file target_38.tsv (TSV, C-alpha atoms)
chain	number	residue	atom	x	y	z
A	28	MET	CA	68.00	-63.15	33.45
A	29	GLU	CA	64.90	-61.44	34.82
A	30	LYS	CA	63.61	-63.23	37.92
A	31	GLY	CA	60.42	-61.24	37.93
A	32	ARG	CA	59.46	-62.37	34.43
A	33	SER	CA	57.37	-65.47	33.76
A	34	TYR	CA	58.63	-67.81	31.02
A	35	LYS	CA	56.33	-70.33	29.36
A	36	ASN	CA	59.18	-72.71	28.52
A	37	CYS	CA	62.90	-72.85	27.80
A	38	ASP	CA	62.44	-71.55	24.24
A	39	ASP	CA	60.64	-68.51	25.63
A	40	TRP	CA	63.59	-67.89	27.95
A	41	LYS	CA	66.06	-68.25	25.07
A	42	ARG	CA	64.23	-65.66	23.00
A	43	GLU	CA	64.30	-63.26	25.93
A	44	GLU	CA	68.02	-63.81	26.52
A	45	LYS	CA	68.85	-63.21	22.85
A	46	GLN	CA	67.08	-59.87	23.03
A	47	HIS	CA	69.48	-58.82	25.76
A	48	GLU	CA	72.42	-59.27	23.40
A	49	ALA	CA	71.40	-56.03	21.69
A	50	THR	CA	69.91	-52.69	22.59
A	51	TYR	CA	67.87	-50.13	20.66
A	52	ILE	CA	69.02	-46.52	21.03
A	53	CYS	CA	66.81	-43.66	19.91
A	54	MET	CA	68.44	-41.55	17.19
A	55	LEU	CA	71.51	-43.77	17.32
A	56	LYS	CA	72.83	-42.33	14.05
A	57	GLY	CA	71.45	-38.82	14.34
A	58	VAL	CA	68.28	-37.22	12.99
A	59	GLN	CA	69.26	-37.17	9.31
A	60	GLU	CA	70.66	-39.69	6.87
A	61	GLY	CA	72.13	-39.35	3.40
A	62	SER	CA	74.63	-36.76	2.20
A	63	ALA	CA	75.13	-33.03	2.58
A	64	GLU	CA	73.55	-32.54	-0.86
A	65	LEU	CA	70.57	-34.81	-0.23
A	66	SER	CA	69.54	-35.73	3.29
A	67	THR	CA	66.32	-37.07	4.73
A	68	CYS	CA	64.66	-37.01	8.13
A	69	VAL	CA	65.10	-40.36	9.86
A	70	PHE	CA	61.58	-40.12	11.27
A	71	CYS	CA	59.45	-39.28	8.24
A	72	GLY	CA	61.74	-39.17	5.21
A	73	ALA	CA	61.32	-35.44	4.55
A	74	THR	CA	63.97	-34.26	2.06
A	75	ASN	CA	66.65	-31.78	3.16
A	76	PRO	CA	64.75	-30.83	6.32
A	77	GLN	CA	65.39	-27.51	8.04
A	78	ASP	CA	66.24	-27.46	11.74
A	79	SER	CA	62.73	-26.24	12.48
A	80	HIS	CA	61.31	-29.45	10.98
A	81	PHE	CA	62.60	-31.57	13.84
A	82	GLY	CA	60.41	-29.74	16.31
A	83	ILE	CA	57.44	-31.85	15.20
A	84	HIS	CA	59.44	-34.94	16.16
A	85	ASN	CA	60.42	-33.64	19.60
A	86	VAL	CA	64.07	-34.55	18.96
A	87	GLN	CA	65.39	-32.67	21.99
A	88	MET	CA	63.84	-35.33	24.18
A	89	CYS	CA	66.37	-37.90	22.97
A	90	ALA	CA	69.19	-35.75	21.61
A	91	LEU	CA	72.60	-37.43	21.76
A	92	SER	CA	73.68	-34.90	24.38
A	93	ASN	CA	70.66	-35.68	26.54
A	94	ALA	CA	71.38	-37.99	29.48
A	95	LYS	CA	67.77	-39.20	29.21
A	96	GLN	CA	68.17	-40.46	25.64
A	97	PHE	CA	65.77	-43.38	25.32
A	98	SER	CA	67.07	-46.93	24.91
A	99	CYS	CA	65.46	-50.33	25.34
A	100	LYS	CA	66.04	-54.05	24.85
A	101	ARG	CA	62.95	-54.86	22.78
A	102	ARG	CA	62.08	-53.53	19.34
A	103	ARG	CA	58.40	-53.26	20.22
A	104	ASP	CA	59.27	-50.83	23.02
A	105	MET	CA	61.13	-48.61	20.56
A	106	VAL	CA	58.17	-48.78	18.17
A	107	GLN	CA	55.87	-47.56	20.94
A	108	HIS	CA	58.35	-44.83	21.86
A	109	LEU	CA	58.51	-43.55	18.27
A	110	SER	CA	54.75	-43.41	18.00
A	111	LYS	CA	54.15	-41.82	21.40
A	112	TYR	CA	56.96	-39.27	21.57
A	113	HIS	CA	58.30	-38.63	18.06
A	114	ASN	CA	55.13	-38.37	15.99
A	115	VAL	CA	55.98	-41.36	13.78
A	116	HIS	CA	53.06	-43.33	12.34
A	117	GLY	CA	52.66	-46.84	10.97
A	118	VAL	CA	53.88	-49.96	12.76
A	119	SER	CA	55.96	-51.24	9.83
A	120	HIS	CA	57.59	-47.82	9.42
A	121	CYS	CA	58.41	-47.64	13.13
A	122	GLU	CA	59.81	-51.18	13.04
A	123	ALA	CA	62.12	-50.27	10.15
A	124	ILE	CA	63.44	-47.25	12.04
A	125	ALA	CA	63.91	-49.27	15.24
A	126	THR	CA	65.82	-51.99	13.39
A	127	ASN	CA	68.21	-49.35	12.06
A	128	TRP	CA	68.85	-48.23	15.63
A	129	LYS	CA	69.74	-51.68	16.90
A	130	LYS	CA	73.18	-51.90	18.47
A	131	THR	CA	74.69	-55.31	19.15
A	132	LEU	CA	76.49	-55.35	22.46
A	133	SER	CA	80.15	-56.32	22.49
A	134	LYS	CA	80.55	-59.18	24.95
A	135	LYS	CA	83.47	-61.52	25.51
A	136	ALA	CA	82.07	-63.82	28.18
A	137	TRP	CA	78.88	-65.19	29.69
A	138	SER	CA	78.15	-67.26	32.77
A	139	CYS	CA	75.54	-69.46	34.41
A	140	GLY	CA	73.53	-68.58	37.50
A	141	PHE	CA	72.97	-72.21	38.46
A	142	CYS	CA	76.63	-73.24	38.57
A	143	VAL	CA	79.99	-71.47	38.37
A	144	LYS	CA	80.92	-71.78	34.71
A	145	THR	CA	82.27	-69.42	32.06
A	146	PHE	CA	81.40	-69.35	28.35
A	147	ILE	CA	83.05	-67.52	25.48
A	148	ALA	CA	80.23	-68.37	23.05
A	149	PHE	CA	76.65	-67.25	23.68
A	150	HIS	CA	75.04	-70.29	22.04
A	151	GLU	CA	77.05	-72.61	24.30
A	152	ARG	CA	75.70	-70.77	27.31
A	153	LEU	CA	72.12	-71.19	26.06
A	154	LYS	CA	72.62	-74.93	25.58
A	155	HIS	CA	74.17	-75.27	29.03
A	156	VAL	CA	71.40	-73.39	30.87
A	157	GLN	CA	68.76	-75.39	28.98
A	158	VAL	CA	70.16	-78.57	30.57
A	159	HIS	CA	69.66	-77.04	34.02
A	160	PHE	CA	66.03	-76.25	33.16
A	161	GLU	CA	65.52	-79.80	31.92
A	162	GLN	CA	66.93	-81.08	35.21
A	163	GLY	CA	64.30	-79.15	37.14
A	164	LYS	CA	66.01	-75.87	37.95
A	165	THR	CA	63.84	-72.74	38.06
A	166	LEU	CA	64.48	-69.00	38.11
A	167	ALA	CA	64.21	-69.15	41.90
A	168	ASP	CA	67.51	-71.07	41.86
A	169	TRP	CA	69.32	-68.43	39.76
A	170	ASP	CA	71.99	-66.82	41.94
A	171	ALA	CA	73.68	-63.45	41.39
A	172	THR	CA	76.85	-64.48	43.20
A	173	THR	CA	77.22	-67.53	40.99
A	174	VAL	CA	76.84	-65.36	37.88
A	175	VAL	CA	79.64	-63.04	39.01
A	176	GLN	CA	81.94	-65.88	40.07
A	177	GLY	CA	81.64	-67.43	36.62
A	178	LEU	CA	82.40	-64.17	34.83
A	179	LEU	CA	85.43	-63.54	37.03
A	180	GLN	CA	86.94	-66.78	35.69
A	181	GLN	CA	87.04	-65.56	32.09
A	182	PRO	CA	90.42	-65.47	30.31
A	183	GLY	CA	92.15	-62.15	30.78
A	184	LEU	CA	90.38	-61.38	34.04
A	185	ASP	CA	90.92	-64.48	36.17
A	186	GLU	CA	94.53	-63.68	37.08
A	187	ALA	CA	93.68	-60.10	38.06
A	188	TRP	CA	90.86	-61.38	40.26
A	189	LYS	CA	93.08	-63.98	41.93
A	190	ALA	CA	95.64	-61.27	42.66
A	191	LYS	CA	92.91	-59.10	44.16
A	192	ILE	CA	91.75	-61.90	46.46
A	193	LEU	CA	95.31	-62.67	47.56
A	194	SER	CA	95.78	-59.02	48.47
A	195	MET	CA	92.86	-59.29	50.90
A	196	PRO	CA	94.06	-61.97	53.37
A	197	SER	CA	91.27	-61.46	55.92
A	198	PHE	CA	88.71	-63.34	53.84
A	199	GLY	CA	88.35	-65.43	50.70
A	200	LEU	CA	85.98	-65.99	47.81
A	201	SER	CA	83.60	-68.09	49.92
A	202	ASP	CA	83.02	-65.05	52.14
A	203	MET	CA	81.91	-62.85	49.23
A	204	ALA	CA	78.44	-62.35	47.76
A	205	TRP	CA	76.81	-60.11	45.16
A	206	THR	CA	73.20	-58.95	45.19
A	207	GLU	CA	70.76	-58.69	42.28
A	208	ALA	CA	71.02	-54.91	42.58
A	209	ALA	CA	74.80	-55.03	42.22
A	210	LEU	CA	74.49	-57.42	39.29
A	211	LYS	CA	72.50	-54.92	37.22
A	212	ASP	CA	75.52	-52.67	36.63
A	213	LEU	CA	78.33	-55.14	37.24
A	214	GLN	CA	77.26	-57.97	34.92
A	215	PRO	CA	77.36	-55.97	31.65
A	216	ARG	CA	80.83	-54.66	32.48
A	217	LEU	CA	82.13	-58.14	33.27
A	218	GLU	CA	80.56	-59.56	30.10
A	219	GLU	CA	82.33	-56.94	28.00
A	220	GLY	CA	85.54	-58.06	29.66
A	221	PRO	CA	88.92	-56.32	29.94
A	222	SER	CA	90.91	-54.99	27.00
A	223	ASP	CA	94.30	-55.17	28.71
A	224	ASP	CA	95.97	-55.82	32.07
A	225	ILE	CA	95.14	-52.36	33.38
A	226	SER	CA	91.42	-52.68	32.61
A	227	ALA	CA	91.48	-56.22	34.05
A	228	ARG	CA	92.74	-54.89	37.37
A	229	ALA	CA	90.15	-52.12	37.25
A	230	LEU	CA	87.37	-54.66	36.65
A	231	ALA	CA	88.63	-56.80	39.51
A	232	ASP	CA	88.54	-53.74	41.77
A	233	THR	CA	85.00	-52.94	40.61
A	234	ALA	CA	83.81	-56.48	41.33
A	235	TYR	CA	85.40	-56.39	44.76
A	236	GLU	CA	83.84	-53.03	45.62
A	237	ALA	CA	80.40	-54.31	44.56
A	238	CYS	CA	80.51	-57.39	46.77
A	239	GLU	CA	79.20	-57.91	50.27
A	240	VAL	CA	81.20	-59.88	52.82
A	241	LYS	CA	79.50	-62.71	54.69
A	242	TRP	CA	80.91	-63.05	58.17
A	243	TRP	CA	80.12	-66.52	59.50
A	244	PHE	CA	80.50	-66.36	63.27
A	245	GLY	CA	81.06	-69.56	65.19
A	246	GLN	CA	82.06	-71.55	62.10

call {"tool": "encode", "arguments": {"input": "target_38.tsv", "output": "structure tokens"}}
result
Amino acid sequence: MEKGRSYKNCDDWKREEKQHEATYICMLKGVQEGSAELSTCVFCGATNPQDSHFGIHNVQMCALSNAKQFSCKRRRDMVQHLSKYHNVHGVSHCEAIATNWKKTLSKKAWSCGFCVKTFIAFHERLKHVQVHFEQGKTLADWDATTVVQGLLQQPGLDEAWKAKILSMPSFGLSDMAWTEAALKDLQPRLEEGPSDDISARALADTAYEACEVKWWFGQ
């Protein structure tokens, strides 16, 4: 959830959240499509293009080996990118290309930033958060620590996290906090979840390393 963004209503927020369930990656499937006998340029449809052809589309800017390969969360941003940097014309044509470069993110869990709760279905999370909005909650109440705590309770990760906490006897969960900055990289990894016990322990370690400890003196 983007705190800096203004939402007109809950439906506006839902649309924004759904966009974050996918990403658009420039040249996701390469610069040509088709077969070895008959291929076409993904940008303009030119048949059996020579390597020199791709110079007009500035493909090196977003080559798969380029660490700066462009990606975004909104199709309209990819449309603008295609027009500005890859010499692709026509909104409908750019939209068709962008749609073909849409990659749905693989997530196993979601959480709420208003209360500590875990969801294994995205639509259930949307319904739950909507209730908070209807009860008067605002984005100012959304808390990064609460988001992380909910995700750490997901099946397959909760036991690894409990073991991590028990191994650190000097403080407990109530002493730990996560910032918005930490959430940017940590949240996607937690939402993807662990694949086995080893990755669960690694995720627990990552969450621990990303936290800040609150030392409450005199309490």

call {"tool": "residues_around", "arguments": {"input": "target_38.tsv", "residues": "Asp185 in chain A", "least_positions_apart": "2", "cutoff": "12 Å", "atoms": "only C-alpha atoms", "output": "list in words"}}
result
Ala136, Thr145, Val175, Gln176, Gly177, Leu178, Leu179, Gln180, Gln181, Pro182, Gly183, Ala187, Trp188, Lys189, Ala190, Lys191, Ile192, Leu217, Gly220, Pro221, Asp224, Ala227, Arg228, Leu230, Ala231 and Ala234 of chain A

call {"tool": "atom_distance", "arguments": {"input": "target_38.tsv", "atom1": "CA of Leu213 in chain A", "atom2": "CA of Ala148 in chain A"}}
result
19.5 Å

call {"tool": "closest_residue", "arguments": {"input": "target_38.tsv", "among": "A:Asp104, A:Glu239, A:Gly61, A:Ile147", "to": "Lys134 in chain A", "atoms": "all atoms listed in the file"}}
result
A:Ile147

call {"tool": "closest_residue", "arguments": {"input": "target_38.tsv", "among": "A:Ser226, A:Val158, A:Val58, A:Met195", "to": "His80 in chain A", "atoms": "all atoms listed in the file"}}
result
A:Val58

call {"tool": "residues_around", "arguments": {"input": "target_38.tsv", "residues": "range 62-70 of chain A", "least_positions_apart": "2", "cutoff": "10 Å", "atoms": "all atoms listed in the file", "output": "list in words"}}
result
Met54, Lys56, Gly57, Val58, Gln59, Glu60, Gly72, Ala73, Thr74, Asn75, Pro76, Gln77, His80, Phe81, His84, Val86, Leu109, His113, Asn114, Val115, His116, His120, Cys121, Ile124 and Asn127 of chain A

call {"tool": "residues_around", "arguments": {"input": "target_38.tsv", "residues": "Ser119 in chain A", "least_positions_apart": "5", "cutoff": "12 Å", "atoms": "only C-alpha atoms", "output": "VMD selection string"}}
result
chain A and resid 102 to 103 106 to 107 109 to 110 124 to 126

call {"tool": "atom_distance", "arguments": {"input": "target_38.tsv", "atom1": "CA of Ala209 in chain A", "atom2": "CA of Cys238 in chain A"}}
result
7.7 Å

call {"tool": "closest_residue", "arguments": {"input": "target_38.tsv", "among": "A:Lys154, A:Lys135, A:Arg101, A:Lys130", "to": "Ala49 in chain A", "atoms": "all atoms listed in the file"}}
result
A:Lys130

call {"tool": "atom_distance", "arguments": {"input": "target_38.tsv", "atom1": "CA of Glu207 in chain A", "atom2": "CA of Phe160 in chain A"}}
result
20.3 Å

call {"tool": "closest_residue", "arguments": {"input": "target_38.tsv", "among": "A:Ser98, A:Val174, A:Ala229, A:Gly82", "to": "Lys211 in chain A", "atoms": "only C-alpha atoms"}}
result
A:Val174

call {"tool": "residues_around", "arguments": {"input": "target_38.tsv", "residues": "Trp169 in chain A", "least_positions_apart": "3", "cutoff": "8 Å", "atoms": "only C-alpha atoms", "output": "list in words"}}
result
Lys30, Gly140, Phe141, Thr165 and Leu166 of chain A

call {"tool": "closest_residue", "arguments": {"input": "target_38.tsv", "among": "A:Cys53, A:Trp128, A:Ser133, A:Cys142", "to": "His108 in chain A", "atoms": "all atoms listed in the file"}}
result
A:Cys53

call {"tool": "residues_around", "arguments": {"input": "target_38.tsv", "residues": "Leu132 in chain A", "least_positions_apart": "2", "cutoff": "12 Å", "atoms": "all atoms listed in the file", "output": "PyMOL selection string"}}
result
chain A and resi 45-52+100+129-130+134-136+149+215-216+218-220

call {"tool": "closest_residue", "arguments": {"input": "target_38.tsv", "among": "A:Leu193, A:Val118, A:Met105, A:Leu210", "to": "Ala171 in chain A", "atoms": "all atoms listed in the file"}}
result
A:Leu210

call {"tool": "decode", "arguments": {"input": "target_38.tsv", "residues": "range 216-230 of chain A", "atoms": "N, CA, C and O atoms", "output": "PDB file, in the first residue's frame"}}
result
ATOM      1  N   ARG A 216       9.203 -10.581  -0.597  1.00  0.00           N
ATOM      2  CA  ARG A 216       9.832 -11.871  -0.299  1.00  0.00           C
ATOM      3  C   ARG A 216       8.970 -12.683   0.660  1.00  0.00           C
ATOM      4  O   ARG A 216       8.822 -13.901   0.506  1.00  0.00           O
ATOM      5  N   LEU A 217       8.388 -12.008   1.645  1.00  0.00           N
ATOM      6  CA  LEU A 217       7.525 -12.710   2.591  1.00  0.00           C
ATOM      7  C   LEU A 217       6.229 -13.158   1.920  1.00  0.00           C
ATOM      8  O   LEU A 217       5.697 -14.225   2.232  1.00  0.00           O
ATOM      9  N   GLU A 218       5.712 -12.348   1.001  1.00  0.00           N
ATOM     10  CA  GLU A 218       4.479 -12.714   0.303  1.00  0.00           C
ATOM     11  C   GLU A 218       4.692 -13.918  -0.611  1.00  0.00           C
ATOM     12  O   GLU A 218       3.785 -14.725  -0.802  1.00  0.00           O
ATOM     13  N   GLU A 219       5.865 -14.042  -1.179  1.00  0.00           N
ATOM     14  CA  GLU A 219       6.172 -15.216  -2.001  1.00  0.00           C
ATOM     15  C   GLU A 219       6.280 -16.464  -1.139  1.00  0.00           C
ATOM     16  O   GLU A 219       5.995 -17.572  -1.594  1.00  0.00           O
ATOM     17  N   GLY A 220       6.691 -16.271   0.111  1.00  0.00           N
ATOM     18  CA  GLY A 220       6.730 -17.367   1.065  1.00  0.00           C
ATOM     19  C   GLY A 220       7.858 -18.358   0.825  1.00  0.00           C
ATOM     20  O   GLY A 220       8.533 -18.326  -0.206  1.00  0.00           O
ATOM     21  N   PRO A 221       8.063 -19.262   1.774  1.00  0.00           N
ATOM     22  CA  PRO A 221       9.134 -20.259   1.655  1.00  0.00           C
ATOM     23  C   PRO A 221       8.703 -21.455   0.816  1.00  0.00           C
ATOM     24  O   PRO A 221       7.514 -21.757   0.706  1.00  0.00           O
ATOM     25  N   SER A 222       9.677 -22.131   0.237  1.00  0.00           N
ATOM     26  CA  SER A 222       9.390 -23.338  -0.545  1.00  0.00           C
ATOM     27  C   SER A 222       9.678 -24.604   0.248  1.00  0.00           C
ATOM     28  O   SER A 222       9.188 -25.679  -0.079  1.00  0.00           O
ATOM     29  N   ASP A 223      10.493 -24.468   1.298  1.00  0.00           N
ATOM     30  CA  ASP A 223      10.816 -25.613   2.143  1.00  0.00           C
ATOM     31  C   ASP A 223      11.334 -25.101   3.486  1.00  0.00           C
ATOM     32  O   ASP A 223      11.368 -23.889   3.732  1.00  0.00           O
ATOM     33  N   ASP A 224      11.744 -26.011   4.353  1.00  0.00           N
ATOM     34  CA  ASP A 224      12.199 -25.625   5.689  1.00  0.00           C
ATOM     35  C   ASP A 224      13.454 -24.756   5.639  1.00  0.00           C
ATOM     36  O   ASP A 224      13.617 -23.829   6.448  1.00  0.00           O
ATOM     37  N   ILE A 225      14.330 -25.049   4.697  1.00  0.00           N
ATOM     38  CA  ILE A 225      15.567 -24.275   4.593  1.00  0.00           C
ATOM     39  C   ILE A 225      15.271 -22.831   4.203  1.00  0.00           C
ATOM     40  O   ILE A 225      15.792 -21.887   4.799  1.00  0.00           O
ATOM     41  N   SER A 226      14.406 -22.651   3.196  1.00  0.00           N
ATOM     42  CA  SER A 226      14.070 -21.292   2.771  1.00  0.00           C
ATOM     43  C   SER A 226      13.246 -20.572   3.836  1.00  0.00           C
ATOM     44  O   SER A 226      13.309 -19.351   3.958  1.00  0.00           O
ATOM     45  N   ALA A 227      12.483 -21.335   4.635  1.00  0.00           N
ATOM     46  CA  ALA A 227      11.718 -20.729   5.727  1.00  0.00           C
ATOM     47  C   ALA A 227      12.665 -20.142   6.769  1.00  0.00           C
ATOM     48  O   ALA A 227      12.465 -19.022   7.258  1.00  0.00           O
ATOM     49  N   ARG A 228      13.701 -20.890   7.103  1.00  0.00           N
ATOM     50  CA  ARG A 228      14.682 -20.376   8.069  1.00  0.00           C
ATOM     51  C   ARG A 228      15.427 -19.172   7.502  1.00  0.00           C
ATOM     52  O   ARG A 228      15.719 -18.209   8.222  1.00  0.00           O
ATOM     53  N   ALA A 229      15.707 -19.208   6.203  1.00  0.00           N
ATOM     54  CA  ALA A 229      16.396 -18.085   5.566  1.00  0.00           C
ATOM     55  C   ALA A 229      15.515 -16.835   5.579  1.00  0.00           C
ATOM     56  O   ALA A 229      15.998 -15.723   5.822  1.00  0.00           O
ATOM     57  N   LEU A 230      14.212 -17.013   5.335  1.00  0.00           N
ATOM     58  CA  LEU A 230      13.284 -15.883   5.369  1.00  0.00           C
ATOM     59  C   LEU A 230      13.169 -15.314   6.777  1.00  0.00           C
ATOM     60  O   LEU A 230      13.098 -14.096   6.968  1.00  0.00           O
TER      61      LEU A 230
END
